[in-house]
Every structure is written in C-alpha cells, then in structure tokens.
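Structure file input.csv (CSV, C-alpha atoms and all ligand atoms) is printed below.
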chain,number,residue,atom,x,y,z
A,1,MET,CA,115.2,78.9,90.0
A,2,THR,CA,117.3,78.9,93.1
A,3,ALA,CA,118.0,75.9,95.3
A,4,THR,CA,117.6,77.7,98.6
A,5,TYR,CA,115.7,80.8,99.8
A,6,ARG,CA,115.5,83.0,102.9
A,7,ARG,CA,112.9,83.3,105.5
A,8,ILE,CA,112.5,85.0,108.9
A,9,VAL,CA,111.3,83.1,111.9
A,10,LEU,CA,110.3,84.2,115.4
A,11,ALA,CA,113.3,83.1,117.5
A,12,ARG,CA,111.9,84.2,120.9
A,13,ARG,CA,108.9,86.2,122.3
A,14,PRO,CA,109.6,89.9,123.0
A,15,GLN,CA,109.6,91.0,126.6
A,16,GLY,CA,108.4,94.6,126.1
A,17,PRO,CA,108.9,96.5,122.8
A,18,VAL,CA,110.0,94.4,119.8
A,19,THR,CA,113.7,94.3,119.2
A,20,PRO,CA,115.4,93.0,116.0
A,21,ASP,CA,116.9,90.0,118.0
A,22,VAL,CA,113.5,88.3,118.5
A,23,PHE,CA,113.7,87.4,114.8
A,24,ARG,CA,116.1,85.1,113.0
A,25,LEU,CA,117.0,85.1,109.2
A,26,GLU,CA,117.5,81.5,107.8
A,27,GLU,CA,118.4,80.1,104.5
A,28,VAL,CA,116.5,76.9,103.7
A,29,PRO,CA,116.0,74.5,100.7
A,30,LEU,CA,113.4,75.4,98.2
A,31,PRO,CA,110.4,73.1,98.5
A,32,SER,CA,108.6,71.4,95.6
A,33,PRO,CA,104.8,71.7,95.3
A,34,GLY,CA,102.9,68.4,96.0
A,35,PRO,CA,99.6,67.5,94.3
A,36,GLY,CA,97.2,70.4,94.5
A,37,GLU,CA,100.0,72.8,95.7
A,38,VAL,CA,101.6,75.8,94.1
A,39,LEU,CA,105.1,77.3,94.5
A,40,VAL,CA,104.9,81.1,94.7
A,41,ARG,CA,107.7,83.7,94.6
A,42,ASN,CA,106.7,86.5,96.9
A,43,HIS,CA,107.1,90.0,95.5
A,44,PHE,CA,105.7,91.9,98.4
A,45,LEU,CA,105.2,91.1,102.1
A,46,SER,CA,102.6,93.0,104.2
A,47,LEU,CA,103.6,94.1,107.7
A,48,ASP,CA,100.6,94.6,109.9
A,49,PRO,CA,100.0,95.6,113.6
A,50,TYR,CA,98.2,92.4,114.3
A,51,MET,CA,101.5,90.5,114.0
A,52,ARG,CA,102.5,92.1,117.3
A,53,GLY,CA,99.5,90.5,119.1
A,54,ARG,CA,100.4,87.1,117.7
A,55,MET,CA,103.9,87.3,119.2
A,56,TYR,CA,102.5,87.0,122.7
A,57,GLU,CA,102.3,83.4,124.0
A,58,SER,CA,98.6,83.7,125.0
A,59,LYS,CA,95.9,83.0,122.5
A,60,SER,CA,93.6,85.9,121.6
A,61,TYR,CA,91.2,85.7,118.7
A,62,ALA,CA,93.8,83.6,116.8
A,63,GLU,CA,96.6,81.2,117.7
A,64,PRO,CA,99.9,82.7,118.6
A,65,GLN,CA,102.8,82.7,116.2
A,66,LYS,CA,104.9,79.6,116.8
A,67,LEU,CA,108.5,79.9,117.7
A,68,ASP,CA,111.1,78.9,115.1
A,69,GLU,CA,108.4,79.0,112.3
A,70,THR,CA,108.1,81.5,109.5
A,71,MET,CA,106.5,84.7,110.7
A,72,ILE,CA,102.9,84.9,109.4
A,73,GLY,CA,101.8,87.5,107.0
A,74,GLY,CA,99.9,88.4,103.8
A,75,THR,CA,101.9,88.2,100.5
A,76,VAL,CA,101.5,88.8,96.8
A,77,GLY,CA,103.6,87.2,94.2
A,78,LEU,CA,103.9,85.2,91.0
A,79,VAL,CA,103.3,81.5,90.6
A,80,GLU,CA,106.6,79.7,89.9
A,81,ALA,CA,105.4,76.1,89.6
A,82,SER,CA,101.9,74.7,89.9
A,83,ARG,CA,100.4,71.3,90.6
A,84,ASP,CA,96.9,72.8,90.7
A,85,GLU,CA,95.3,73.1,87.3
A,86,ARG,CA,93.7,76.5,88.2
A,87,PHE,CA,97.2,78.1,88.4
A,88,ALA,CA,100.0,78.5,85.8
A,89,PRO,CA,103.5,79.9,86.1
A,90,GLY,CA,103.4,83.7,86.0
A,91,ASP,CA,99.9,84.1,87.5
A,92,PRO,CA,99.8,86.9,90.1
A,93,VAL,CA,98.3,85.7,93.3
A,94,MET,CA,97.6,86.9,96.8
A,95,THR,CA,98.0,84.5,99.8
A,96,GLN,CA,99.5,84.2,103.3
A,97,LEU,CA,103.0,82.9,102.9
A,98,GLY,CA,104.6,85.0,105.6
A,99,TRP,CA,108.0,86.5,105.9
A,100,GLN,CA,109.8,84.5,103.2
A,101,GLU,CA,111.0,84.8,99.6
A,102,TYR,CA,109.2,81.7,98.3
A,103,GLY,CA,106.5,79.4,99.7
A,104,VAL,CA,104.3,76.5,98.9
A,105,ALA,CA,100.6,76.9,99.4
A,106,ASP,CA,97.5,74.8,98.9
A,107,GLY,CA,95.8,76.0,95.6
A,108,GLY,CA,92.6,76.5,97.6
A,109,SER,CA,94.3,79.2,99.7
A,110,LEU,CA,95.4,81.3,96.7
A,111,MET,CA,93.5,84.2,95.2
A,112,LYS,CA,94.3,85.2,91.6
A,113,ILE,CA,94.6,89.0,91.3
A,114,ASP,CA,94.2,91.2,88.3
A,115,THR,CA,97.2,93.5,88.1
A,116,ARG,CA,96.3,95.2,84.8
A,117,ALA,CA,94.6,98.3,86.4
A,118,ILE,CA,95.7,97.8,90.0
A,119,PRO,CA,99.3,97.4,91.1
A,120,MET,CA,100.1,94.1,92.8
A,121,SER,CA,101.1,95.8,96.1
A,122,ALA,CA,97.7,97.5,96.5
A,123,TYR,CA,96.2,94.0,97.1
A,124,LEU,CA,98.0,94.1,100.5
A,125,GLY,CA,96.6,97.6,101.2
A,126,PRO,CA,93.4,99.4,100.0
A,127,VAL,CA,92.3,96.4,97.9
A,128,GLY,CA,93.2,93.9,100.6
A,129,MET,CA,92.7,93.2,104.2
A,130,PRO,CA,93.3,96.8,105.4
A,131,GLY,CA,90.8,98.1,102.9
A,132,VAL,CA,88.1,95.5,103.8
A,133,THR,CA,88.7,96.4,107.5
A,134,ALA,CA,87.9,100.1,106.7
A,135,TRP,CA,84.9,99.1,104.6
A,136,TYR,CA,83.5,96.8,107.2
A,137,GLY,CA,84.0,99.0,110.3
A,138,LEU,CA,82.7,102.1,108.6
A,139,ASN,CA,79.7,100.6,106.7
A,140,ARG,CA,78.6,97.9,109.1
A,141,ILE,CA,79.4,99.5,112.5
A,142,CYS,CA,79.6,103.2,112.1
A,143,GLU,CA,76.7,103.2,109.5
A,144,PRO,CA,77.4,106.8,108.6
A,145,LYS,CA,74.6,109.1,107.3
A,146,PRO,CA,75.2,112.1,105.0
A,147,GLY,CA,76.1,115.1,107.1
A,148,GLU,CA,77.5,113.2,110.0
A,149,THR,CA,81.0,113.6,111.3
A,150,VAL,CA,83.4,110.6,111.3
A,151,LEU,CA,86.6,110.7,113.3
A,152,VAL,CA,89.4,108.3,112.3
A,153,SER,CA,92.7,107.7,114.2
A,154,ALA,CA,95.9,106.6,112.5
A,155,ALA,CA,94.3,108.5,109.6
A,156,SER,CA,97.2,108.4,107.2
A,157,GLY,CA,97.7,104.6,107.6
A,158,ALA,CA,96.6,101.6,105.6
A,159,VAL,CA,93.2,101.3,107.3
A,160,GLY,CA,92.5,104.9,108.4
A,161,SER,CA,93.2,106.5,104.9
A,162,VAL,CA,90.5,104.3,103.4
A,163,VAL,CA,88.0,105.0,106.2
A,164,GLY,CA,88.2,108.7,105.7
A,165,GLN,CA,87.8,108.6,101.9
A,166,LEU,CA,84.8,106.2,102.2
A,167,ALA,CA,83.3,108.5,104.8
A,168,LYS,CA,83.7,111.5,102.4
A,169,ALA,CA,82.2,109.5,99.6
A,170,ALA,CA,79.2,108.8,101.9
A,171,GLY,CA,78.6,112.5,102.3
A,172,CYS,CA,80.2,112.9,105.8
A,173,ARG,CA,82.6,115.3,107.3
A,174,ALA,CA,85.9,113.3,107.9
A,175,VAL,CA,88.3,114.3,110.6
A,176,GLY,CA,91.6,112.4,111.2
A,177,ILE,CA,94.1,112.1,113.9
A,178,ALA,CA,97.7,111.4,112.8
A,179,GLY,CA,101.3,111.8,114.1
A,180,GLY,CA,103.0,114.9,112.8
A,181,ARG,CA,102.4,117.8,110.4
A,182,GLU,CA,103.5,116.0,107.3
A,183,LYS,CA,101.0,113.2,107.8
A,184,CYS,CA,98.2,115.6,108.7
A,185,ALA,CA,98.9,117.6,105.5
A,186,TYR,CA,98.6,114.5,103.5
A,187,VAL,CA,95.4,113.5,105.2
A,188,THR,CA,93.7,116.8,104.4
A,189,ASP,CA,95.4,117.8,101.1
A,190,VAL,CA,95.7,114.5,99.3
A,191,LEU,CA,93.1,112.2,101.0
A,192,GLY,CA,90.5,115.0,101.2
A,193,PHE,CA,89.6,114.9,104.9
A,194,ASP,CA,88.1,118.1,106.3
A,195,GLY,CA,90.5,118.3,109.2
A,196,CYS,CA,93.3,116.5,111.0
A,197,LEU,CA,94.7,116.7,114.5
A,198,ASP,CA,98.3,116.1,115.2
A,199,HIS,CA,98.3,113.9,118.3
A,200,ARG,CA,101.9,114.9,119.0
A,201,GLU,CA,100.7,118.4,119.8
A,202,HIS,CA,98.4,117.2,122.6
A,203,GLY,CA,99.7,115.7,125.7
A,204,ASP,CA,96.4,114.8,127.3
A,205,ALA,CA,92.8,114.0,126.4
A,206,ALA,CA,91.5,117.4,127.5
A,207,SER,CA,93.8,119.3,125.1
A,208,MET,CA,92.9,116.9,122.3
A,209,ALA,CA,89.2,117.3,123.0
A,210,ARG,CA,89.5,121.1,122.7
A,211,ALA,CA,91.1,120.8,119.3
A,212,LEU,CA,88.5,118.2,118.3
A,213,ARG,CA,85.6,120.5,119.1
A,214,ASP,CA,87.1,123.1,116.7
A,215,ALA,CA,87.6,120.5,113.9
A,216,ALA,CA,84.2,118.9,114.5
A,217,PRO,CA,81.9,121.8,115.4
A,218,LYS,CA,78.7,119.7,115.2
A,219,GLY,CA,80.2,116.9,117.4
A,220,VAL,CA,81.3,113.5,116.4
A,221,ASP,CA,78.8,110.8,115.3
A,222,CYS,CA,81.2,108.0,114.4
A,223,VAL,CA,84.6,107.1,115.7
A,224,PHE,CA,86.7,104.6,113.8
A,225,GLU,CA,89.3,103.8,116.4
A,226,ASN,CA,92.7,102.4,115.5
A,227,VAL,CA,94.9,103.6,118.3
A,228,GLY,CA,93.2,103.9,121.8
A,229,GLY,CA,94.4,106.0,124.7
A,230,VAL,CA,94.0,109.7,124.9
A,231,GLY,CA,92.6,110.0,121.4
A,232,LEU,CA,89.7,107.7,122.1
A,233,GLU,CA,89.1,109.4,125.4
A,234,ALA,CA,88.9,112.8,123.7
A,235,ALA,CA,86.7,111.4,121.0
A,236,ILE,CA,84.2,110.0,123.5
A,237,ALA,CA,84.1,113.4,125.2
A,238,CYS,CA,83.0,115.0,121.9
A,239,MET,CA,80.4,112.4,120.7
A,240,ASN,CA,76.8,113.2,119.9
A,241,PRO,CA,74.0,111.2,121.4
A,242,PHE,CA,73.6,107.8,119.8
A,243,GLY,CA,77.1,107.9,118.3
A,244,ARG,CA,78.9,104.7,117.3
A,245,VAL,CA,82.5,103.6,117.9
A,246,ALA,CA,84.0,101.0,115.6
A,247,LEU,CA,86.8,99.6,117.7
A,248,CYS,CA,89.2,98.4,115.1
A,249,GLY,CA,92.5,98.5,117.0
A,250,VAL,CA,94.4,99.9,119.9
A,251,ILE,CA,97.9,100.0,118.6
A,252,SER,CA,99.1,102.4,121.3
A,253,GLY,CA,98.6,99.5,123.7
A,254,TYR,CA,100.2,96.6,121.7
A,255,GLU,CA,103.5,97.0,123.4
A,256,GLY,CA,102.2,97.8,126.8
A,257,GLY,CA,101.0,101.5,126.6
A,258,ASP,CA,98.1,102.8,128.7
A,259,ILE,CA,94.8,102.5,126.8
A,260,ALA,CA,92.4,103.0,129.8
A,261,ILE,CA,89.3,104.9,129.0
A,262,ARG,CA,88.7,107.3,131.9
A,263,ASN,CA,85.4,108.9,130.8
A,264,VAL,CA,83.2,105.8,130.7
A,265,PRO,CA,80.2,107.7,132.1
A,266,ALA,CA,80.1,109.7,128.8
A,267,LEU,CA,79.4,106.4,127.0
A,268,LEU,CA,76.2,106.0,129.1
A,269,VAL,CA,75.1,109.6,129.1
A,270,SER,CA,75.5,109.9,125.3
A,271,ARG,CA,74.1,106.3,124.7
A,272,ILE,CA,77.1,105.4,122.7
A,273,ARG,CA,77.4,102.0,120.9
A,274,LEU,CA,81.0,100.7,121.0
A,275,GLN,CA,81.7,97.6,119.1
A,276,GLY,CA,84.9,95.7,118.5
A,277,PHE,CA,85.3,93.7,115.3
A,278,ILE,CA,87.8,91.4,113.5
A,279,VAL,CA,87.6,91.6,109.7
A,280,SER,CA,88.3,87.9,109.2
A,281,ASP,CA,85.0,87.1,110.9
A,282,HIS,CA,83.2,88.5,107.9
A,283,MET,CA,84.7,86.6,105.0
A,284,GLU,CA,81.2,86.6,103.2
A,285,LEU,CA,81.5,90.3,102.7
A,286,TRP,CA,85.0,90.4,101.3
A,287,PRO,CA,84.1,89.9,97.6
A,288,ARG,CA,81.7,92.8,97.7
A,289,ALA,CA,84.1,95.0,99.6
A,290,LEU,CA,87.0,94.1,97.4
A,291,ALA,CA,85.0,94.8,94.2
A,292,GLU,CA,84.1,98.3,95.5
A,293,LEU,CA,87.6,99.1,96.7
A,294,GLY,CA,89.1,97.8,93.5
A,295,GLN,CA,86.9,100.1,91.5
A,296,GLY,CA,87.9,103.0,93.7
A,297,VAL,CA,91.6,102.4,93.3
A,298,ALA,CA,91.5,101.6,89.6
A,299,SER,CA,89.6,104.8,89.0
A,300,GLY,CA,91.9,106.9,91.2
A,301,ARG,CA,89.0,107.8,93.6
A,302,ILE,CA,90.7,106.0,96.4
A,303,ARG,CA,94.2,107.4,97.0
A,304,TYR,CA,96.8,105.5,99.0
A,305,ARG,CA,100.5,105.7,100.0
A,306,GLU,CA,103.1,103.0,100.7
A,307,THR,CA,106.3,102.8,102.7
A,308,ILE,CA,108.4,100.1,101.1
A,309,ALA,CA,111.3,98.4,102.8
A,310,GLN,CA,113.8,96.8,100.4
A,311,GLY,CA,114.6,93.1,100.9
A,312,LEU,CA,113.6,90.5,103.4
A,313,ALA,CA,116.4,91.4,105.9
A,314,ALA,CA,114.8,94.8,106.3
A,315,ALA,CA,111.5,93.4,107.6
A,316,PRO,CA,112.3,93.4,111.3
A,317,GLU,CA,113.3,97.1,111.4
A,318,ALA,CA,110.3,98.0,109.2
A,319,PHE,CA,108.0,96.2,111.6
A,320,ILE,CA,109.5,97.9,114.6
A,321,GLY,CA,109.0,101.2,112.7
A,322,LEU,CA,105.3,100.4,112.1
A,323,LEU,CA,104.8,100.0,115.8
A,324,GLN,CA,106.4,103.3,116.4
A,325,GLY,CA,104.6,105.2,113.7
A,326,ARG,CA,107.6,105.6,111.4
A,327,ASN,CA,105.6,104.2,108.4
A,328,PHE,CA,103.7,106.6,106.3
A,329,GLY,CA,100.8,104.7,104.7
A,330,LYS,CA,100.8,100.9,104.1
A,331,GLN,CA,104.0,99.2,105.3
A,332,LEU,CA,105.4,96.7,102.8
A,333,VAL,CA,108.6,94.8,102.2
A,334,LYS,CA,109.6,94.4,98.5
A,335,LEU,CA,111.3,91.1,98.0
A,336,VAL,CA,112.0,91.1,94.2
A,337,GLU,CA,114.0,93.8,92.5
A,401,LIG,P1,98.9,101.9,110.0
A,401,LIG,O1,99.3,101.9,108.6
A,401,LIG,O2,97.9,102.9,110.4
A,401,LIG,O3,100.2,102.0,110.8
A,401,LIG,C1,100.2,102.1,112.2
A,401,LIG,C2,100.1,103.6,112.6
A,401,LIG,O4,99.6,103.6,114.0
A,401,LIG,C3,101.4,104.3,112.7
A,401,LIG,O5,101.8,104.8,111.4
A,401,LIG,C4,101.1,105.4,113.6
A,401,LIG,O6,100.5,106.5,113.0
A,401,LIG,C5,100.1,104.8,114.6
A,401,LIG,N1,100.7,104.4,115.8
A,401,LIG,C6,101.6,103.5,116.0
A,401,LIG,N2,102.0,103.4,117.3
A,401,LIG,C7,101.3,104.4,117.9
A,401,LIG,C8,101.2,104.8,119.3
A,401,LIG,N3,101.9,104.2,120.2
A,401,LIG,N4,100.4,105.8,119.6
A,401,LIG,C9,99.6,106.4,118.6
A,401,LIG,N5,99.7,106.0,117.3
A,401,LIG,C10,100.5,105.0,117.0
A,401,LIG,O7,98.4,100.4,110.4
A,401,LIG,P2,97.1,99.7,109.8
A,401,LIG,O8,96.3,100.6,109.1
A,401,LIG,O9,97.5,98.4,109.3
A,401,LIG,O10,96.3,99.3,111.2
A,401,LIG,C11,95.6,100.4,111.9
A,401,LIG,C12,94.9,99.7,113.1
A,401,LIG,O11,93.9,98.8,112.6
A,401,LIG,C13,95.7,98.9,114.0
A,401,LIG,O12,95.3,99.2,115.3
A,401,LIG,C14,95.4,97.5,113.6
A,401,LIG,O13,95.7,96.6,114.7
A,401,LIG,C15,94.0,97.6,113.3
A,401,LIG,N6,93.5,96.5,112.4
A,401,LIG,C16,92.4,95.9,112.9
A,401,LIG,C17,91.8,94.9,112.1
A,401,LIG,C18,90.6,94.2,112.6
A,401,LIG,O14,90.1,93.2,112.0
A,401,LIG,N7,90.0,94.7,113.7
A,401,LIG,C19,92.4,94.5,110.8
A,401,LIG,C20,93.5,95.3,110.4
A,401,LIG,C21,94.0,96.3,111.2
A,401,LIG,P3,100.7,108.0,113.5
A,401,LIG,O15,102.1,108.4,113.2
A,401,LIG,O16,99.7,108.8,112.6
A,401,LIG,O17,100.3,108.0,114.9
Let me see the file written as structure tokens.
Amino acid sequence: MTATYRRIVLARRPQGPVTPDVFRLEEVPLPSPGPGEVLVRNHFLSLDPYMRGRMYESKSYAEPQKLDETMIGGTVGLVEASRDERFAPGDPVMTQLGWQEYGVADGGSLMKIDTRAIPMSAYLGPVGMPGVTAWYGLNRICEPKPGETVLVSAASGAVGSVVGQLAKAAGCRAVGIAGGREKCAYVTDVLGFDGCLDHREHGDAASMARALRDAAPKGVDCVFENVGGVGLEAAIACMNPFGRVALCGVISGYEGGDIAIRNVPALLVSRIRLQGFIVSDHMELWPRALAELGQGVASGRIRYRETIAQGLAAAPEAFIGLLQGRNFGKQLVKLVE
C-alpha cells in the first residue's frame, strides 16, 4: 500500500464557466481507518452536473462544496482495510469519497455491490444515482400510460438514456433531444427511442417545436427535462392537455445560460403539472429502483454508454467537458489501471 495518495480540492469558486485553475491537485498522507471505519481504494469517480451547483457559495438544496476540501462525488472501489466487521479487504463498495484515489468512510455509509453480473462502473450510472433519478422522475412524476409520448432532453446522457428505455418498456413513444447527429443516432438505433431531435440544428424554440410536432405527431404527454431553455419552451408548446413535466435539471443554465420559459400561458391553457424533484429526497424508493435497474442492466435490456477519463488529474477537464456536452453517456474517471 502507498504512504500517500492524490486528491483534488476546490481552490476557488468559479466566476462564470468552470476553468481548470479552480481546482488543485494535492498529495496527502494515506489515512488509517478508525473503529467502525473502512479504507477504500477508489476505482471509478462519478462526475455529475450537480457538482457545478455546489461550487456556488450560496446554499441551494444542499450545502456548498467547501474550499480547500476534497471535491464531493460518488465513487466505487475495493476495500483495502476495514475496522467494520461487515466489510473485508477486496469487497467492492459504492460510496461518496469524492475526487481522490483513496478515502476513509464510516462503514454505515458504504453499500456493498455485486459485480458478478454488473460492472462496477455501472453502479455510478444506470444502477446508481442517475438511474434512480430516471426511475423516480418517470414513474412518480410523469406516470406514463401506454400509448403516451415521453420527451427526454440530454437523451444520450446518464439520466436521459435510462428515462427513454424505461418509457419504451412502459409502452410509450419515446422522443429524445440530444446534441449532434452521432448522439441522436445512438439514441434511436441503440437505445430504441422512436425519434431524436438534434438541438444544434434549431436556433430557437419555434424551430424546435416544428421538428417536435413531426417527431411526436400525437403531441407530448410527459416531458423529462434535463436541460431547460429553448428545448423546454418548445416542449411546452407541443404538450397535450394534462401533460406532466418532471423537472430534473436545467444544465444549460448551470453556468449562467438563459433558461427563461417564455410561453408560461401554455402551462395554464393545457393544464400542465410541472414538478421539480431531487432524487436524494426519496431514499426509501432507492432499493426498489436499484433492484429493477440492476435486473435491466444484467439482462442487457437497459443499454448504457460511458465516457471514461483516465487518471485523477484528468477529472477537471472531464468535468468541464460534461458541462459543455463533450461527454457521450455517463462521465466517469478511472483511477486504477
Ligand atoms: P449527462 O450525462 O446527460 O451529461 C450532460 C449532458 O447535458 C451533456 O452531454 C449535453 O448533452 C447536455 N448539455 C450540457 N450542457 C448543455 C447546454 N448548455 N445546453 C444543452 N445541453 C447541454 O448528465 P446527467 O445524466 O448526469 O444529468 C442530466 C441532468 O439531470 C442534469 O441537468 C442534472 O443536473 C440532472 N440531475 C438531476 C437530479 C435530481 O435529483 N433532480 C439527479 C441527477 C441528475 P447534449 O450534447 O446531448 O446536449
């Protein structure tokens, strides 16, 4: 075992779009686990859009990321040393150790994962927080009925890809929005969506709405919104009466983009229910959702894709890429060769 390890801290808060210099890579001594604690070697780090929100000083639904402390984040890895009898060296676990190669966690905060039929990295994607987010927003807010049309933005991404596949399994028509032809081809040809709009081909909401009417000829019943801005405005313009919007994220506004909705009267006229949600408010549903998602991935019914950056030092650029749409599927950092 090594005497030191590397971690990345937030050195200062970004003013505008994130730049690599807001982070600092440090080498620090390896800690020993105390009673009830476990030392884990992280194999994969999850990069997620919510991390951008935590970099602001103001509190939102969670406390901000502290300066000079390890960047937060979900991780999967193997137990190296344990002083909790429930865990032994070599056990694969999922936890929240953040942007670092090793970390000590309270045994109660670790979840053992079964990597026999499901790859370790999938526990940060379709069988982890993004998958549960898709499951919750679709099943509990959209509540789709067979024959309805579900529209999903950021459709090739970690959350969106699962939403569309669950919507298809529920007997719905699934239409995605994604950035670029390659992503759209993946959404329809691999994930099985019925259609996909390339948002780069539409400069405004009116143009997007025209294309959406072609892709969703019976109108849109459920919108699973990950992006905000013109896509959401177009979606609202095409919604059927009593449609539902699961407001999951507004990534196009995380670095200061315009996410104003200009057709609010359509919400009233079509009697739309728009509900925001945070997946961590619903921990009681995670075991059920994870069991269903795990079966889907193990059986090959749920397909997914990953973009994997190599080594901890690559995390800042990979995170910036995620905020600019350069990732294609779940963005991960691989920490062990
Ligand atoms: P993704 O894997 O979907 O990656 C982000 C994608 O967003 C990019 O690939 C890009 O896709 C798109 N994107 C990025 N910037 C922009 C932009 N300026 N305009 C348009 N599209 C953009 O990420 P996740 O699946 O992890 O997250 C998707 C959404 O879900 C985010 O909004 C996130 O905050 C939210 N979320 C919410 C949770 C909750 O509890 N409410 C929990 C987890 C995630 P493309 O190239 O196709 O445009």
Kindly compile the residues surrounding ligand LIG 401 (chain A) within 6 Å, counting only C-alpha atoms and all ligand atoms, and format them as a short mmCIF file (atom, residue, chain, number, x, y, z; two decimals) with C-alpha atoms, in the frame of the given file.
data_model
loop_
_atom_site.label_atom_id
_atom_site.label_comp_id
_atom_site.auth_asym_id
_atom_site.auth_seq_id
_atom_site.Cartn_x
_atom_site.Cartn_y
_atom_site.Cartn_z
CA ASP A 48 100.60 94.60 109.90
CA PRO A 49 100.00 95.60 113.60
CA TYR A 50 98.20 92.40 114.30
CA PRO A 130 93.30 96.80 105.40
CA THR A 133 88.70 96.40 107.50
CA ALA A 154 95.90 106.60 112.50
CA SER A 156 97.20 108.40 107.20
CA GLY A 157 97.70 104.60 107.60
CA ALA A 158 96.60 101.60 105.60
CA VAL A 159 93.20 101.30 107.30
CA GLY A 160 92.50 104.90 108.40
CA ALA A 178 97.70 111.40 112.80
CA GLY A 179 101.30 111.80 114.10
CA ASN A 226 92.70 102.40 115.50
CA VAL A 227 94.90 103.60 118.30
CA CYS A 248 89.20 98.40 115.10
CA GLY A 249 92.50 98.50 117.00
CA VAL A 250 94.40 99.90 119.90
CA ILE A 251 97.90 100.00 118.60
CA SER A 252 99.10 102.40 121.30
CA PHE A 277 85.30 93.70 115.30
CA ILE A 278 87.80 91.40 113.50
CA VAL A 279 87.60 91.60 109.70
CA LEU A 322 105.30 100.40 112.10
CA LEU A 323 104.80 100.00 115.80
CA GLN A 324 106.40 103.30 116.40
CA GLY A 325 104.60 105.20 113.70
CA ARG A 326 107.60 105.60 111.40
CA ASN A 327 105.60 104.20 108.40
CA PHE A 328 103.70 106.60 106.30
CA GLY A 329 100.80 104.70 104.70
CA LYS A 330 100.80 100.90 104.10
#
What are the closest atom pairs, with distances in Å to one decimal, for all residues of stretch 150-184 of chain A lying within 8 Å of stretch 189-193 of chain A? Consider all atoms listed in the file, order rows by chain and residue number, and present the result as CSV.
residue,atom,partner,partner_atom,distance
A:Ser161,CA,A:Leu191,CA,6.9
A:Gly164,CA,A:Phe193,CA,6.4
A:Gln165,CA,A:Leu191,CA,6.5
A:Lys168,CA,A:Phe193,CA,7.3
A:Arg173,CA,A:Phe193,CA,7.4
A:Ala174,CA,A:Phe193,CA,5.0
A:Val175,CA,A:Phe193,CA,5.9
A:Gly176,CA,A:Phe193,CA,7.1
* For A:Pro35, which of A:Ala298, A:Ala105, A:Ala309, A:Ile8 is the closest residue, counting all atoms listed in the file? -> A:Ala105
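Considering the residues A:Leu267, A:Ala260, A:Val223, A:Leu78 and counting only C-alpha atoms, A:Asn42 has its shortest atom-to-atom contact with A:Leu78.
Taking atom CA of A:Thr2 and atom CA of A:Ala318 as the two end points, the separation is 25.9 Å.
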Can you tell me, as a short mmCIF file (atom, residue, chain, number, x, y, z; two decimals) with C-alpha atoms, in the frame of the given file, what residues are no more than 9 Å from A:Ile302 when counting only C-alpha atoms, ignoring any on the same chain fewer than 6 positions away?
data_model
loop_
_atom_site.label_atom_id
_atom_site.label_comp_id
_atom_site.auth_asym_id
_atom_site.auth_seq_id
_atom_site.Cartn_x
_atom_site.Cartn_y
_atom_site.Cartn_z
CA PRO A 126 93.40 99.40 100.00
CA SER A 161 93.20 106.50 104.90
CA VAL A 162 90.50 104.30 103.40
CA GLN A 165 87.80 108.60 101.90
CA LEU A 166 84.80 106.20 102.20
CA LEU A 191 93.10 112.20 101.00
CA LEU A 293 87.60 99.10 96.70
CA GLY A 294 89.10 97.80 93.50
CA GLN A 295 86.90 100.10 91.50
CA GLY A 296 87.90 103.00 93.70
#
* To do: Tell me, as an MDAnalysis selection string, which residues lie within 9 Å of stretch 88-96 of chain A, counting only C-alpha atoms; anything in the same chain fewer than 5 positions away does not count.
  => chainID A and resid 38:40 72:83 105 109:115 120 123:124
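Across A:Ala169, A:Ile320, A:Ile259, A:Gly231, the tightest approach to A:Asp198 is made by A:Gly231 when counting all atoms listed in the file.
Among the candidates A:Val187, A:Ala289, A:Ile236, A:Ala246, the one nearest to A:Val269 when counting all atoms listed in the file is A:Ile236.
Distances to A:Leu45 were evaluated for A:Cys184, A:Leu332, A:Ala11, A:Val104 using all atoms listed in the file, and the minimum falls at A:Leu332.
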* To do: Do a neighbour search on A:Pro146 at 8 Å with only C-alpha atoms, toss out local chain neighbours closer than 3 positions, and write the hits as a list in words.
  => Ala170, Gly171 and Cys172 of chain A
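Between atom CA of A:Cys222 and atom CA of A:Pro144 the interatomic distance comes to 7.0 Å.
Here atom CA of A:Gly228 stands at a distance of 28.1 Å from atom CA of A:Ala314.
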* Long-range neighbours of A:Glu26 as a list in words, 12 Å cut-off, only C-alpha atoms, 2 positions minimum in chain -> Thr4, Tyr5, Arg6, Arg7, Ile8, Val9, Leu10, Ala11, Phe23, Arg24, Val28, Pro29, Asp68, Glu69, Thr70, Met71, Trp99, Gln100, Glu101, Leu312 and Ala313 of chain A
